[in-house]
file protein-v2.txt (compact mmCIF, C-alpha atoms)
# COMPACT_ATOMS: atom_id res chain seq x y z
CA MET I 1 129.35 129.65 93.32
CA THR I 2 126.22 130.52 91.33
CA ARG I 3 128.09 133.41 89.68
CA PHE I 4 129.92 130.93 87.43
CA ILE I 5 126.58 129.35 86.44
CA HIS I 6 125.29 132.77 85.43
CA ASP I 7 128.57 133.58 83.63
CA GLN I 8 128.27 130.45 81.49
CA PHE I 9 124.61 131.23 80.78
CA ALA I 10 125.55 134.75 79.62
CA LYS I 11 128.25 133.42 77.26
CA ASP I 12 126.00 130.71 75.79
CA TYR I 13 123.13 133.17 75.47
CA LEU I 14 125.13 135.88 73.69
CA GLU I 15 126.69 133.30 71.38
CA GLU I 16 123.23 131.97 70.47
CA LEU I 17 121.94 135.45 69.62
CA LEU I 18 124.99 136.67 67.69
CA LYS I 19 126.22 133.57 65.83
CA ASP I 20 124.07 134.32 62.74
CA TYR I 21 125.71 137.72 62.27
CA GLY I 22 129.42 136.98 62.57
CA GLU I 23 132.11 135.08 64.45
CA VAL I 24 131.59 134.68 68.19
CA LYS I 25 134.47 133.62 70.42
CA PRO I 26 133.46 133.03 74.06
CA SER I 27 136.29 132.90 76.64
CA GLU I 28 138.84 134.28 74.16
CA LYS I 29 142.34 134.52 75.68
CA VAL I 30 144.41 137.68 75.24
CA SER I 31 148.15 138.26 75.53
CA GLY I 32 149.97 139.57 78.56
CA GLU I 33 148.97 138.26 81.97
CA ILE I 34 146.47 135.44 81.34
CA LYS I 35 143.04 137.01 80.85
CA GLU I 36 139.90 135.90 79.10
CA ILE I 37 137.40 137.99 77.19
CA ASP I 38 133.87 136.79 77.90
CA VAL I 39 132.61 137.31 74.33
CA LEU I 40 134.61 138.57 71.34
CA PHE I 41 132.38 139.27 68.35
CA THR I 42 133.46 139.98 64.77
CA PRO I 43 130.60 140.86 62.38
CA SER I 44 130.38 139.06 59.06
CA ALA I 45 131.63 140.92 55.99
CA GLN I 46 128.09 141.41 54.69
CA GLN I 47 126.22 143.22 57.42
CA SER I 48 122.71 141.90 58.02
CA SER I 49 119.70 144.16 58.40
CA ASN I 50 118.23 141.39 60.59
CA LEU I 51 120.39 142.74 63.41
CA GLN I 52 117.50 145.10 64.13
CA ILE I 53 115.62 142.19 65.67
CA LEU I 54 118.16 142.23 68.52
CA GLY I 55 117.45 145.89 69.28
CA LEU I 56 120.12 147.50 71.42
CA LEU I 57 122.28 144.36 71.37
CA GLY I 58 122.09 144.50 67.58
CA ARG I 59 123.57 148.01 67.63
CA PHE I 60 126.50 146.66 69.64
CA ALA I 61 127.04 144.01 66.96
CA GLU I 62 127.25 146.46 64.05
CA CYS I 63 131.03 146.57 64.55
CA PRO I 64 133.65 144.36 66.27
CA ALA I 65 132.73 144.08 69.95
CA ILE I 66 134.00 142.83 73.26
CA ILE I 67 131.04 142.08 75.53
CA GLU I 68 131.70 141.60 79.25
CA PRO I 69 128.52 140.67 81.18
CA PHE I 70 128.57 140.74 85.00
CA ARG I 71 126.06 138.92 87.18
CA ASN I 72 126.90 141.07 90.22
CA PRO I 73 127.48 144.84 90.01
CA ALA I 74 130.82 145.42 88.30
CA SER I 75 133.44 146.97 90.60
CA THR I 76 135.79 149.76 89.54
CA ASP I 77 138.68 147.28 89.33
CA GLU I 78 136.63 144.87 87.21
CA ILE I 79 135.71 147.61 84.74
CA CYS I 80 139.38 148.66 84.57
CA ASP I 81 140.35 145.03 83.88
CA CYS I 82 137.90 144.98 80.98
CA ILE I 83 139.48 148.14 79.55
CA ILE I 84 142.93 146.52 79.87
CA LYS I 85 141.67 143.55 77.83
CA LEU I 86 140.43 145.92 75.13
CA LEU I 87 143.80 147.73 75.03
CA GLU I 88 145.65 144.41 74.80
CA VAL I 89 143.43 143.34 71.88
CA LYS I 90 144.11 146.70 70.20
CA ALA I 91 147.86 146.29 70.72
CA GLU I 92 147.75 142.79 69.23
CA LEU I 93 145.86 144.10 66.19
CA ARG I 94 148.48 146.84 65.75
CA ARG I 95 151.28 144.26 65.86
CA GLU I 96 149.51 142.13 63.25
CA ALA I 97 148.96 145.14 61.00
CA LYS I 98 152.62 146.12 61.30
CA ALA I 99 153.75 142.59 60.48
CA ASN I 100 151.48 142.59 57.43
CA LYS I 101 152.58 146.14 56.50
CA THR I 102 149.00 147.38 56.55
CA LYS I 103 147.30 150.23 58.37
CA LEU I 104 144.96 149.29 61.21
CA GLN I 105 141.59 150.84 60.50
CA ASP I 106 139.59 152.35 63.32
CA SER I 107 136.61 150.21 62.30
CA GLU I 108 138.67 147.04 62.95
CA ILE I 109 139.22 147.85 66.62
CA PRO I 110 136.51 146.37 68.88
CA LYS I 111 134.32 148.46 71.10
CA LEU I 112 133.93 147.34 74.69
CA TRP I 113 130.47 146.93 76.23
CA VAL I 114 130.50 146.29 79.99
CA LEU I 115 127.10 144.92 81.06
CA THR I 116 126.42 145.41 84.75
CA PRO I 117 123.08 144.75 86.51
CA THR I 118 123.44 147.94 88.57
CA ILE I 119 125.98 150.70 89.07
CA SER I 120 126.07 153.82 91.23
CA GLU I 121 126.20 157.38 89.88
CA PRO I 122 129.47 158.15 91.74
CA LYS I 123 131.12 155.15 90.06
CA LEU I 124 129.90 156.27 86.64
CA SER I 125 131.18 159.78 87.35
CA SER I 126 134.58 158.39 88.31
CA PHE I 127 134.94 157.06 84.75
CA GLY I 128 133.84 160.37 83.23
CA THR I 129 130.90 158.80 81.41
CA ILE I 130 128.38 160.64 79.27
CA GLN I 131 125.03 159.64 77.73
CA LYS I 132 124.64 160.23 74.00
CA GLU I 133 121.42 161.63 72.58
CA ASP I 134 120.92 158.85 70.03
CA TRP I 135 121.30 156.11 72.65
CA CYS I 136 118.72 155.09 75.25
CA THR I 137 118.99 155.68 78.98
CA GLY I 138 121.41 153.32 80.70
CA VAL I 139 124.21 153.32 78.10
CA HIS I 140 127.10 155.37 79.52
CA PHE I 141 130.04 156.15 77.23
CA LEU I 142 133.60 156.68 78.41
CA PRO I 143 135.84 159.22 76.56
CA GLU I 144 135.96 158.45 72.82
CA ALA I 145 139.56 157.20 72.73
CA LEU I 146 138.70 154.35 75.13
CA ARG I 147 136.01 152.90 72.82
CA THR I 148 134.08 151.75 75.90
CA ALA I 149 130.54 151.98 77.27
CA ILE I 150 129.10 150.81 80.57
CA VAL I 151 125.57 149.45 80.20
CA ALA I 152 123.58 149.83 83.43
CA ILE I 153 120.88 147.20 82.89
CA HIS I 154 118.71 148.46 85.75
CA GLN I 155 118.44 151.84 83.97
CA LEU I 156 117.40 150.46 80.58
CA PRO I 157 113.83 151.34 79.61
CA GLU I 158 111.45 148.38 79.46
CA ILE I 159 110.91 148.45 75.71
CA PRO I 160 111.28 145.67 73.11
CA GLU I 161 114.64 147.07 71.93
CA THR I 162 116.28 146.36 75.32
CA LEU I 163 114.72 142.94 75.99
CA TRP I 164 117.78 140.90 75.00
CA LEU I 165 120.00 142.85 77.40
CA ARG I 166 117.52 143.00 80.28
CA LEU I 167 117.49 139.18 80.30
CA LEU I 168 121.03 139.47 81.70
CA GLY I 169 119.89 141.68 84.58
CA ARG I 170 118.91 140.74 88.12
CA GLY I 171 115.73 140.58 90.17
CA SER I 172 112.61 142.29 88.87
CA LYS I 173 114.39 143.58 85.74
CA GLN I 174 115.25 140.06 84.63
CA GLU I 175 111.85 138.67 85.68
CA GLN I 176 110.01 141.27 83.58
CA ALA I 177 112.23 140.43 80.60
CA ILE I 178 111.40 136.71 80.99
CA ILE I 179 107.67 137.54 80.96
CA GLU I 180 108.16 139.54 77.75
CA LEU I 181 110.23 136.71 76.23
CA GLN I 182 107.43 134.24 76.96
CA ALA I 183 104.91 136.59 75.30
CA LEU I 184 106.80 136.81 71.99
CA PRO I 185 105.16 135.15 68.96
CA LEU I 186 105.87 131.42 68.74
CA ASN I 187 107.57 131.94 65.37
CA HIS I 188 110.06 134.49 66.76
CA PRO I 189 113.53 133.27 65.68
CA TYR I 190 115.09 133.54 69.15
CA GLN I 191 112.25 132.80 71.55
CA GLN I 192 112.49 129.03 71.87
CA ALA I 193 116.30 128.81 71.88
CA THR I 194 116.50 131.53 74.54
CA LEU I 195 113.82 129.89 76.68
CA GLU I 196 115.74 126.62 76.56
CA LEU I 197 118.89 128.41 77.76
CA VAL I 198 116.90 130.07 80.56
CA TYR I 199 115.46 126.69 81.57
CA ASN I 200 118.96 125.16 81.57
CA LEU I 201 120.03 127.99 83.87
CA ARG I 202 117.12 127.09 86.14
CA GLU I 203 118.19 123.43 86.25
CA ASN I 204 121.83 124.30 87.00
CA LEU I 205 120.79 126.66 89.79
CA LYS I 206 118.53 123.99 91.32
CA LEU I 207 121.51 121.60 91.48
CA ASN I 208 123.62 124.13 93.36
CA GLN I 209 123.58 123.93 97.15
CA ASP I 210 125.03 127.40 97.80
CA ILE I 211 122.34 129.53 96.18
CA GLU I 212 121.46 133.19 96.73
CA GLU I 213 117.95 134.27 97.66
CA ILE I 214 117.64 136.21 94.40
CA ASP I 215 118.32 132.97 92.50
CA ARG I 216 115.72 131.08 94.56
CA GLU I 217 113.20 133.71 93.48
CA LEU I 218 114.30 133.30 89.85
CA ILE I 219 113.76 129.53 90.04
CA MET I 220 110.28 130.04 91.52
CA ARG I 221 109.44 132.58 88.81
CA LEU I 222 110.53 130.19 86.06
CA GLU I 223 108.78 127.10 87.46
CA PRO I 224 105.24 127.79 86.11
CA LEU I 225 106.63 128.95 82.75
CA TYR I 226 108.75 125.81 82.51
CA GLN I 227 105.83 123.51 83.36
CA ARG I 228 103.55 125.32 80.91
CA ASP I 229 106.08 124.98 78.10
CA ARG I 230 106.59 121.28 78.83
CA GLU I 231 102.81 120.66 78.82
CA GLN I 232 102.53 122.56 75.53
CA ALA I 233 105.37 120.46 74.07
CA LYS I 234 103.59 117.25 75.12
CA PHE I 235 100.32 118.52 73.62
CA GLU I 236 101.99 119.35 70.31
CA GLY I 237 103.68 115.95 70.33
CA LYS I 238 100.27 114.30 70.77
CA GLN I 239 98.88 116.35 67.86
CA ASP I 240 101.74 115.26 65.60
CA LEU I 241 101.28 111.61 66.60
CA ILE I 242 97.54 111.68 65.81
CA LEU I 243 98.19 113.33 62.43
CA ARG I 244 100.79 110.69 61.53
CA GLN I 245 98.38 107.93 62.50
CA LEU I 246 95.64 109.52 60.36
CA ASN I 247 97.98 109.73 57.37
CA ARG I 248 98.81 106.04 57.69
CA ARG I 249 95.17 105.05 58.15
CA ILE I 250 93.34 107.14 55.56
CA GLY I 251 96.08 108.77 53.48
CA GLU I 252 97.26 112.36 53.37
CA ILE I 253 94.72 114.90 54.64
CA ASP I 254 94.43 118.49 53.47
CA ALA I 255 95.46 121.62 55.35
CA SER I 256 91.95 122.57 56.45
CA LEU I 257 91.44 119.22 58.21
CA ILE I 258 94.91 119.43 59.78
CA GLU I 259 93.95 122.83 61.17
CA ARG I 260 90.72 121.40 62.63
CA VAL I 261 92.64 118.54 64.28
CA ARG I 262 95.15 121.00 65.76
CA GLY I 263 92.22 122.95 67.22
CA LEU I 264 91.04 119.99 69.32
CA SER I 265 91.44 119.87 73.09
CA VAL I 266 93.53 117.22 74.86
CA GLU I 267 90.40 115.17 75.65
CA GLN I 268 89.15 115.43 72.07
CA LEU I 269 92.54 114.34 70.73
CA GLU I 270 92.46 111.27 72.96
CA ASN I 271 88.96 110.43 71.69
CA LEU I 272 90.13 110.88 68.10
CA GLY I 273 93.09 108.61 68.78
CA GLU I 274 90.65 105.80 69.66
CA ALA I 275 88.10 106.59 66.93
CA LEU I 276 90.59 106.70 64.05
CA LEU I 277 91.22 102.94 64.42
CA ASP I 278 87.83 102.44 62.74
CA PHE I 279 88.38 105.02 59.96
CA SER I 280 88.75 103.85 56.39
CA SER I 281 88.54 107.15 54.49
CA VAL I 282 88.85 110.92 54.84
CA ALA I 283 85.04 111.03 54.95
CA ASP I 284 85.14 109.17 58.27
CA LEU I 285 87.42 111.84 59.73
CA GLU I 286 85.19 114.63 58.41
CA ALA I 287 82.11 112.97 59.88
CA TRP I 288 83.81 112.57 63.26
CA LEU I 289 84.93 116.23 63.30
CA ASN I 290 81.43 117.38 62.34
CA GLN I 291 79.97 115.63 65.37
call {"tool": "encode", "arguments": {"input": "protein-v2.txt", "output": "structure tokens"}}
result
Amino acid sequence: MTRFIHDQFAKDYLEELLKDYGEVKPSEKVSGEIKEIDVLFTPSAQQSSNLQILGLLGRFAECPAIIEPFRNPASTDEICDCIIKLLEVKAELRREAKANKTKLQDSEIPKLWVLTPTISEPKLSSFGTIQKEDWCTGVHFLPEALRTAIVAIHQLPEIPETLWLRLLGRGSKQEQAIIELQALPLNHPYQQATLELVYNLRENLKLNQDIEEIDRELIMRLEPLYQRDREQAKFEGKQDLILRQLNRRIGEIDASLIERVRGLSVEQLENLGEALLDFSSVADLEAWLNQ
């Protein structure tokens, strides 16, 4: 089923984003009846201000967290199962503290974040959720003692702070997030790694015979982005090859000339690749560029 493909993508994706800020344990087993936590995150001792780059997800990572992403709308029973996992983790921490004769601090107990693509108002009401003033629309908190929030991805505002969570949504919400991801600056620390994970998701979905219509649409939406990125990668590879050949032929060239070479079109690069065989000095390159 494609759900398992999306589940693995969500775990890999969250691990990629959070690994710089603490310990990430995907598929962490808990005691009692065999259960697995999708992602168990423990922040590093020295909190990083760089968490702000992850927006809303970064706020989740300010303290220990259990993150349970759902590809399909989470049912009441599934949300209850997530809460049971949290309570079992809490009980295990209490046992460890007792064995070590220490007091379990409230800050050591994880908070549970249930990520669901959609959820109905009656279902939210059945859990007695509230929205807090200092949190954006779509984050619904259960009573304080349960240390749990349900994140309705379809209700999140389309702002940069929610991008990293909207990528785990469905349909138009996820598609819009992918467009925004593609538009990030090339030097953004998470753009390329995230795109590669999204493209791997695309490949895994294409290999699956039993695929939902919504996933067919996702594949189609990703196809032009994937092809564009691959063409860009080839182009950059050609630039690097030409620059290496120039360095071997005429010696190291300065930054201004490198910039001019990188500004050439594909056709111009091919012409330079032929012309450089006759170069004997940097002056030859400068003359060629000035033509």
call {"tool": "atom_distance", "arguments": {"input": "protein-v2.txt", "atom1": "atom CA of I:Ser256", "atom2": "atom CA of I:Asp278"}}
result
21.5 Å
call {"tool": "atom_distance", "arguments": {"input": "protein-v2.txt", "atom1": "atom CA of I:Ser107", "atom2": "atom CA of I:Ile83"}}
result
17.6 Å
call {"tool": "atom_distance", "arguments": {"input": "protein-v2.txt", "atom1": "atom CA of I:Glu196", "atom2": "atom CA of I:His6"}}
result
14.4 Å
call {"tool": "residues_around", "arguments": {"input": "protein-v2.txt", "residues": "I:Glu212", "least_positions_apart": "5", "cutoff": "12 Å", "atoms": "only C-alpha atoms", "output": "JSON list (two decimals) with C-alpha atoms, in the coordinates of the input"}}
result
[["chain", "number", "residue", "atom", "x", "y", "z"],
["I", 1, "MET", "CA", 129.35, 129.65, 93.32],
["I", 2, "THR", "CA", 126.22, 130.52, 91.33],
["I", 3, "ARG", "CA", 128.09, 133.41, 89.68],
["I", 6, "HIS", "CA", 125.29, 132.77, 85.43],
["I", 72, "ASN", "CA", 126.90, 141.07, 90.22],
["I", 170, "ARG", "CA", 118.91, 140.74, 88.12],
["I", 171, "GLY", "CA", 115.73, 140.58, 90.17],
["I", 205, "LEU", "CA", 120.79, 126.66, 89.79],
["I", 206, "LYS", "CA", 118.53, 123.99, 91.32],
["I", 217, "GLU", "CA", 113.20, 133.71, 93.48],
["I", 218, "LEU", "CA", 114.30, 133.30, 89.85],
["I", 219, "ILE", "CA", 113.76, 129.53, 90.04]]
call {"tool": "residues_around", "arguments": {"input": "protein-v2.txt", "residues": "I:Glu270", "least_positions_apart": "4", "cutoff": "10 Å", "atoms": "all atoms listed in the file", "output": "PDB file with C-alpha atoms, in the coordinates of the input"}}
result
ATOM      1  CA  LYS I 238     100.270 114.300  70.770  1.00  0.00           C
ATOM      2  CA  GLN I 239      98.880 116.350  67.860  1.00  0.00           C
ATOM      3  CA  ILE I 242      97.540 111.680  65.810  1.00  0.00           C
ATOM      4  CA  LEU I 264      91.040 119.990  69.320  1.00  0.00           C
ATOM      5  CA  SER I 265      91.440 119.870  73.090  1.00  0.00           C
ATOM      6  CA  VAL I 266      93.530 117.220  74.860  1.00  0.00           C
ATOM      7  CA  GLU I 274      90.650 105.800  69.660  1.00  0.00           C
ATOM      8  CA  ALA I 275      88.100 106.590  66.930  1.00  0.00           C
TER       9      ALA I 275
END
call {"tool": "closest_residue", "arguments": {"input": "protein-v2.txt", "among": "I:Leu197, I:Leu207, I:Ile53, I:Ile253", "to": "I:Phe9", "atoms": "all atoms listed in the file"}}
result
I:Leu197
call {"tool": "closest_residue", "arguments": {"input": "protein-v2.txt", "among": "I:Glu16, I:Ala283, I:Ile119, I:Trp288", "to": "I:Leu269", "atoms": "only C-alpha atoms"}}
result
I:Trp288
call {"tool": "residues_around", "arguments": {"input": "protein-v2.txt", "residues": "I:Ser27", "least_positions_apart": "2", "cutoff": "6 Å", "atoms": "all atoms listed in the file", "output": "list in words"}}
result
Glu36, Ile37 and Asp38 of chain I
call {"tool": "residues_around", "arguments": {"input": "protein-v2.txt", "residues": "stretch 84-86 of chain I", "least_positions_apart": "3", "cutoff": "7 Å", "atoms": "all atoms listed in the file", "output": "list in words"}}
result
Val30, Cys80, Asp81, Val89, Lys90 and Leu112 of chain I
call {"tool": "write_last_selection", "arguments": {"input": "protein-v2.txt", "atoms": "C-alpha atoms", "output": "PDB file, in the coordinates of the input"}}
result
ATOM      1  CA  VAL I  30     144.410 137.680  75.240  1.00  0.00           C
ATOM      2  CA  CYS I  80     139.380 148.660  84.570  1.00  0.00           C
ATOM      3  CA  ASP I  81     140.350 145.030  83.880  1.00  0.00           C
ATOM      4  CA  VAL I  89     143.430 143.340  71.880  1.00  0.00           C
ATOM      5  CA  LYS I  90     144.110 146.700  70.200  1.00  0.00           C
ATOM      6  CA  LEU I 112     133.930 147.340  74.690  1.00  0.00           C
TER       7      LEU I 112
END
call {"tool": "residues_around", "arguments": {"input": "protein-v2.txt", "residues": "I:Asp240", "least_positions_apart": "6", "cutoff": "10 Å", "atoms": "all atoms listed in the file", "output": "ChimeraX atom specification"}}
result
/I:234,246,258,261-262
call {"tool": "closest_residue", "arguments": {"input": "protein-v2.txt", "among": "I:Trp113, I:Phe4, I:Phe235, I:Phe141", "to": "I:Phe60", "atoms": "all atoms listed in the file"}}
result
I:Trp113
call {"tool": "closest_residue", "arguments": {"input": "protein-v2.txt", "among": "I:Val198, I:Leu124, I:Ile159, I:Cys63", "to": "I:Glu180", "atoms": "all atoms listed in the file"}}
result
I:Ile159
call {"tool": "closest_residue", "arguments": {"input": "protein-v2.txt", "among": "I:Ser125, I:Thr118, I:Gln46, I:Gln291", "to": "I:Leu156", "atoms": "only C-alpha atoms"}}
result
I:Thr118
call {"tool": "closest_residue", "arguments": {"input": "protein-v2.txt", "among": "I:Arg147, I:Lys173, I:Arg221, I:Arg94", "to": "I:Tyr199", "atoms": "all atoms listed in the file"}}
result
I:Arg221
